>>> print(open('target-v3.txt').read())   # compact mmCIF, C-alpha atoms
# COMPACT_ATOMS: atom_id res chain seq x y z
CA MET O 160 0.00 0.00 0.00
CA THR O 161 1.32 3.43 -0.91
CA ARG O 162 1.23 5.92 1.93
CA GLU O 163 1.52 9.68 1.93
CA LEU O 164 2.47 12.02 4.71
CA LEU O 165 1.38 15.63 4.60
CA LEU O 166 3.18 18.01 6.96
CA LEU O 167 1.49 21.37 7.38
CA ARG O 168 3.25 24.02 9.39
CA HIS O 169 0.83 26.34 11.17
CA ALA O 170 -0.04 29.56 9.36
CA LYS O 171 1.36 32.98 10.33
CA SER O 172 0.72 33.74 13.98
CA ALA O 173 0.19 37.06 15.70
CA TRP O 174 2.70 38.31 18.22
CA ASP O 175 0.97 41.42 19.59
CA THR O 176 -2.29 39.93 20.86
CA GLY O 177 -1.55 39.90 24.57
CA ALA O 178 -1.89 36.11 24.63
CA PRO O 179 -0.75 34.87 28.04
CA SER O 180 1.70 32.35 26.54
CA ASP O 181 3.32 31.19 23.31
CA TYR O 182 0.99 28.18 23.34
CA GLU O 183 -2.04 30.47 23.18
CA ARG O 184 -0.87 32.75 20.35
CA PRO O 185 -3.56 32.94 17.62
CA LEU O 186 -3.21 33.33 13.88
CA ALA O 187 -2.56 36.74 12.36
CA LYS O 188 -4.84 38.08 9.61
CA ARG O 189 -2.43 36.69 7.01
CA GLY O 190 -2.61 33.27 8.68
CA LEU O 191 -6.41 33.33 8.75
CA LYS O 192 -6.33 33.76 4.96
CA ALA O 193 -3.52 31.28 4.28
CA ALA O 194 -4.88 28.26 6.20
CA PRO O 195 -8.10 27.85 4.18
CA LYS O 196 -6.13 28.56 1.00
CA VAL O 197 -3.96 25.50 1.75
CA GLY O 198 -7.11 23.50 2.47
CA ARG O 199 -8.58 24.50 -0.91
CA PHE O 200 -5.30 23.43 -2.55
CA MET O 201 -5.58 20.06 -0.80
CA ALA O 202 -9.21 19.64 -1.93
CA LYS O 203 -8.44 20.65 -5.53
CA ASN O 204 -5.57 18.15 -5.70
CA GLY O 205 -7.41 15.24 -4.06
CA LEU O 206 -5.21 15.34 -0.94
CA HIS O 207 -7.89 14.19 1.51
CA PRO O 208 -6.26 12.81 4.67
CA ASP O 209 -7.53 9.61 6.26
CA TYR O 210 -6.06 10.61 9.61
CA VAL O 211 -5.29 14.06 11.01
CA VAL O 212 -3.11 14.74 14.04
CA SER O 213 -2.24 18.22 15.23
CA SER O 214 -0.56 20.21 17.92
CA PRO O 215 -3.27 21.69 20.15
CA ALA O 216 -1.45 25.05 20.38
CA GLN O 217 -3.88 27.80 19.35
CA ARG O 218 -2.17 28.72 16.05
CA ALA O 219 -1.93 25.08 14.96
CA ARG O 220 -5.50 24.40 16.11
CA GLN O 221 -6.83 27.30 14.02
CA THR O 222 -4.73 26.27 11.01
CA VAL O 223 -5.85 22.65 10.98
CA MET O 224 -9.52 23.48 11.51
CA LEU O 225 -9.54 26.07 8.71
CA ALA O 226 -7.63 23.82 6.29
CA CYS O 227 -9.63 20.68 7.11
CA ALA O 228 -12.96 22.50 6.73
CA GLU O 229 -12.05 22.93 3.05
CA VAL O 230 -11.74 19.14 2.59
CA GLY O 231 -14.85 18.32 4.62
CA ILE O 232 -13.17 17.22 7.84
CA GLY O 233 -14.69 18.47 11.08
CA GLU O 234 -12.99 19.17 14.39
CA GLY O 235 -14.23 15.87 15.84
CA ALA O 236 -12.07 13.91 13.38
CA ILE O 237 -8.86 15.71 14.39
CA GLN O 238 -6.56 14.05 16.92
CA TRP O 239 -4.91 16.53 19.28
CA ASP O 240 -1.47 15.55 20.52
CA ARG O 241 0.39 17.90 22.84
CA ARG O 242 3.68 16.08 22.12
CA ILE O 243 3.78 17.84 18.72
CA TYR O 244 4.16 21.28 20.34
CA HIS O 245 7.90 22.17 20.36
CA ALA O 246 8.80 18.59 19.37
CA GLY O 247 11.92 17.47 17.56
CA ALA O 248 12.05 14.89 14.78
CA VAL O 249 12.32 11.87 17.10
CA THR O 250 9.14 12.75 19.02
CA LEU O 251 7.27 13.58 15.80
CA VAL O 252 8.21 10.19 14.33
CA ASN O 253 6.93 8.52 17.51
CA VAL O 254 3.59 10.34 17.15
CA LEU O 255 3.33 9.34 13.48
CA ARG O 256 4.10 5.69 14.30
CA GLU O 257 0.80 5.65 16.21
CA SER O 258 -1.19 6.48 13.05
CA PRO O 259 -3.81 3.86 12.15
CA PRO O 260 -2.23 1.17 9.94
CA GLU O 261 -5.08 1.47 7.42
CA ALA O 262 -4.54 5.23 6.91
CA ARG O 263 -3.19 5.85 3.42
CA ARG O 264 -2.69 9.60 3.86
CA VAL O 265 -1.82 11.23 7.18
CA LEU O 266 -1.85 14.97 7.83
CA MET O 267 0.23 16.30 10.72
CA VAL O 268 0.01 19.98 11.69
CA GLY O 269 2.61 21.60 13.89
CA HIS O 270 5.66 23.77 14.27
CA ASN O 271 9.25 24.50 13.31
CA PRO O 272 12.05 23.73 13.79
CA GLY O 273 10.74 20.20 14.37
CA PHE O 274 8.93 20.00 11.04
CA GLU O 275 12.02 20.97 9.06
CA GLN O 276 14.05 18.41 11.00
CA LEU O 277 11.40 15.73 10.40
CA LEU O 278 11.21 16.46 6.67
CA GLN O 279 14.99 16.26 6.29
CA SER O 280 15.19 13.12 8.40
CA LEU O 281 12.45 11.15 6.66
CA CYS O 282 13.40 11.95 3.08
CA VAL O 283 15.90 9.91 1.12
CA GLY O 284 18.80 12.15 0.11
CA GLU O 285 19.09 15.84 0.74
CA VAL O 286 15.98 18.01 0.59
CA PRO O 287 16.79 21.02 -1.63
CA MET O 288 16.79 24.27 0.34
CA PRO O 289 14.81 27.12 -1.24
CA GLU O 290 16.69 30.31 -2.06
CA ASP O 291 15.26 32.13 0.95
CA GLY O 292 16.66 29.42 3.26
CA LYS O 293 13.21 28.55 4.65
CA LEU O 294 12.25 24.95 4.05
CA MET O 295 8.94 25.08 5.95
CA PRO O 296 7.75 28.69 6.24
CA THR O 297 4.35 29.32 7.80
CA ALA O 298 1.48 27.56 6.00
CA ALA O 299 3.85 25.36 3.96
CA LEU O 300 2.62 21.91 3.00
CA ALA O 301 5.14 19.12 2.42
CA ARG O 302 3.88 16.01 0.63
CA MET O 303 5.88 12.80 0.93
CA ARG O 304 5.53 9.25 -0.31
CA VAL O 305 6.28 6.79 2.50
CA ARG O 306 7.55 3.28 1.71
CA VAL O 307 6.85 1.56 5.04
CA PRO O 308 3.91 1.06 7.44
CA TRP O 309 3.46 3.95 9.88
CA SER O 310 4.64 1.77 12.76
CA GLU O 311 8.01 1.31 11.00
CA LEU O 312 8.61 4.96 10.19
CA GLU O 313 12.30 5.91 10.46
CA HIS O 314 15.08 7.92 8.85
CA GLY O 315 15.22 7.80 5.05
CA VAL O 316 11.94 6.01 4.26
CA ALA O 317 10.18 8.77 2.32
CA GLU O 318 10.58 10.80 -0.83
CA LEU O 319 9.47 14.39 -1.18
CA ILE O 320 6.74 14.75 -3.80
CA SER O 321 6.13 18.46 -3.38
CA LEU O 322 6.59 21.42 -1.10
CA THR O 323 3.86 24.03 -1.49
CA ARG O 324 3.82 27.45 0.14
CA ALA O 325 0.54 29.26 0.77
CA ARG O 326 2.04 32.43 -0.72
CA SER O 327 2.40 30.65 -4.06
CA LEU O 328 -1.28 29.64 -4.22
>>> encode(input="target-v3.txt", output="structure tokens")
Amino acid sequence: MTRELLLLRHAKSAWDTGAPSDYERPLAKRGLKAAPKVGRFMAKNGLHPDYVVSSPAQRARQTVMLACAEVGIGEGAIQWDRRIYHAGAVTLVNVLRESPPEARRVLMVGHNPGFEQLLQSLCVGEVPMPEDGKLMPTAALARMRVRVPWSELEHGVAELISLTRARSL
């Protein structure tokens, strides 16, 4: 069975909202526009996830709900996993290993620098760095083909299919 992993970094967050903590920072106006744009891109390209897992941090929560609404996935179908917040590649792999074995396409929504580390770790060979030096800017969607069951996910088992930035949509 062919599997795909979609990594979506949260959209642009606001810094001047008076949120009591980093965890509670919401999306900025730009992020509120970008998240559904990525969801429409997913819908248009048939990228409907079978399983969605996200950081519950406010900016990730808003991003995943706005994007998933565009592909007909409601909040009740989203798995919230606090381990994703500020996680490195090893922790993110452990979360992904818990994906249902029957899921063909998994969407994970979270944060940098962990997402960049995960992308570079999972992909065979070197992932080409964009000219601006930002592999996973806000609202970027990485699409990878995964060659093993989720439970066997490890370094070098995926190939990058595409890396799409909301700004380019």
>>> atom_distance(input="target-v3.txt", atom1="atom CA of O:Gly235", atom2="atom CA of O:Leu277")
26.2 Å
>>> residues_around(input="target-v3.txt", residues="O:Thr323", least_positions_apart="5", cutoff="12 Å", atoms="only C-alpha atoms", output="PyMOL selection string")
chain O and resi 165-168+193+196-198+200-201+204+289+294-303+328
>>> closest_residue(input="target-v3.txt", among="O:Ala194, O:Ala216, O:Leu278, O:Glu261", to="O:Ala228", atoms="only C-alpha atoms")
O:Ala194
>>> atom_distance(input="target-v3.txt", atom1="atom CA of O:Ser180", atom2="atom CA of O:Lys293")
25.0 Å
>>> atom_distance(input="target-v3.txt", atom1="atom CA of O:Pro195", atom2="atom CA of O:Tyr210")
18.2 Å
>>> closest_residue(input="target-v3.txt", among="O:Arg184, O:Met224, O:Glu313, O:Gly205", to="O:Val254", atoms="only C-alpha atoms")
O:Glu313
>>> closest_residue(input="target-v3.txt", among="O:Pro179, O:Leu266, O:Ser213, O:Val252", to="O:His314", atoms="all atoms listed in the file")
O:Val252
>>> closest_residue(input="target-v3.txt", among="O:Ala173, O:Ile232, O:Ala178, O:Met160", to="O:Arg306", atoms="only C-alpha atoms")
O:Met160
>>> residues_near_point(input="target-v3.txt", point="(-2.5, 12.6, 8.6)", cutoff="6 Å", atoms="all atoms listed in the file", output="number ranges by chain")
O: 208, 210-212, 264-267
>>> closest_residue(input="target-v3.txt", among="O:Lys192, O:Arg162, O:Val223, O:Val249", to="O:Asp209", atoms="only C-alpha atoms")
O:Arg162
>>> residues_around(input="target-v3.txt", residues="stretch 285-287 of chain O", least_positions_apart="4", cutoff="10 Å", atoms="all atoms listed in the file", output="list in words")
Glu275, Leu278, Gln279, Ser280, Leu281, Gly292, Leu294, Gly315, Glu318 and Leu319 of chain O
>>> residues_around(input="target-v3.txt", residues="O:Pro259", least_positions_apart="4", cutoff="9 Å", atoms="all atoms listed in the file", output="list in words")
Tyr210, Arg263, Trp309 and Ser310 of chain O
>>> write_last_selection(input="target-v3.txt", atoms="C-alpha atoms", output="mmCIF file, in the coordinates of the input")
data_model
loop_
_atom_site.group_PDB
_atom_site.id
_atom_site.type_symbol
_atom_site.label_atom_id
_atom_site.label_comp_id
_atom_site.auth_asym_id
_atom_site.auth_seq_id
_atom_site.Cartn_x
_atom_site.Cartn_y
_atom_site.Cartn_z
ATOM 1 C CA TYR O 210 -6.060 10.610 9.610
ATOM 2 C CA ARG O 263 -3.190 5.850 3.420
ATOM 3 C CA TRP O 309 3.460 3.950 9.880
ATOM 4 C CA SER O 310 4.640 1.770 12.760
#
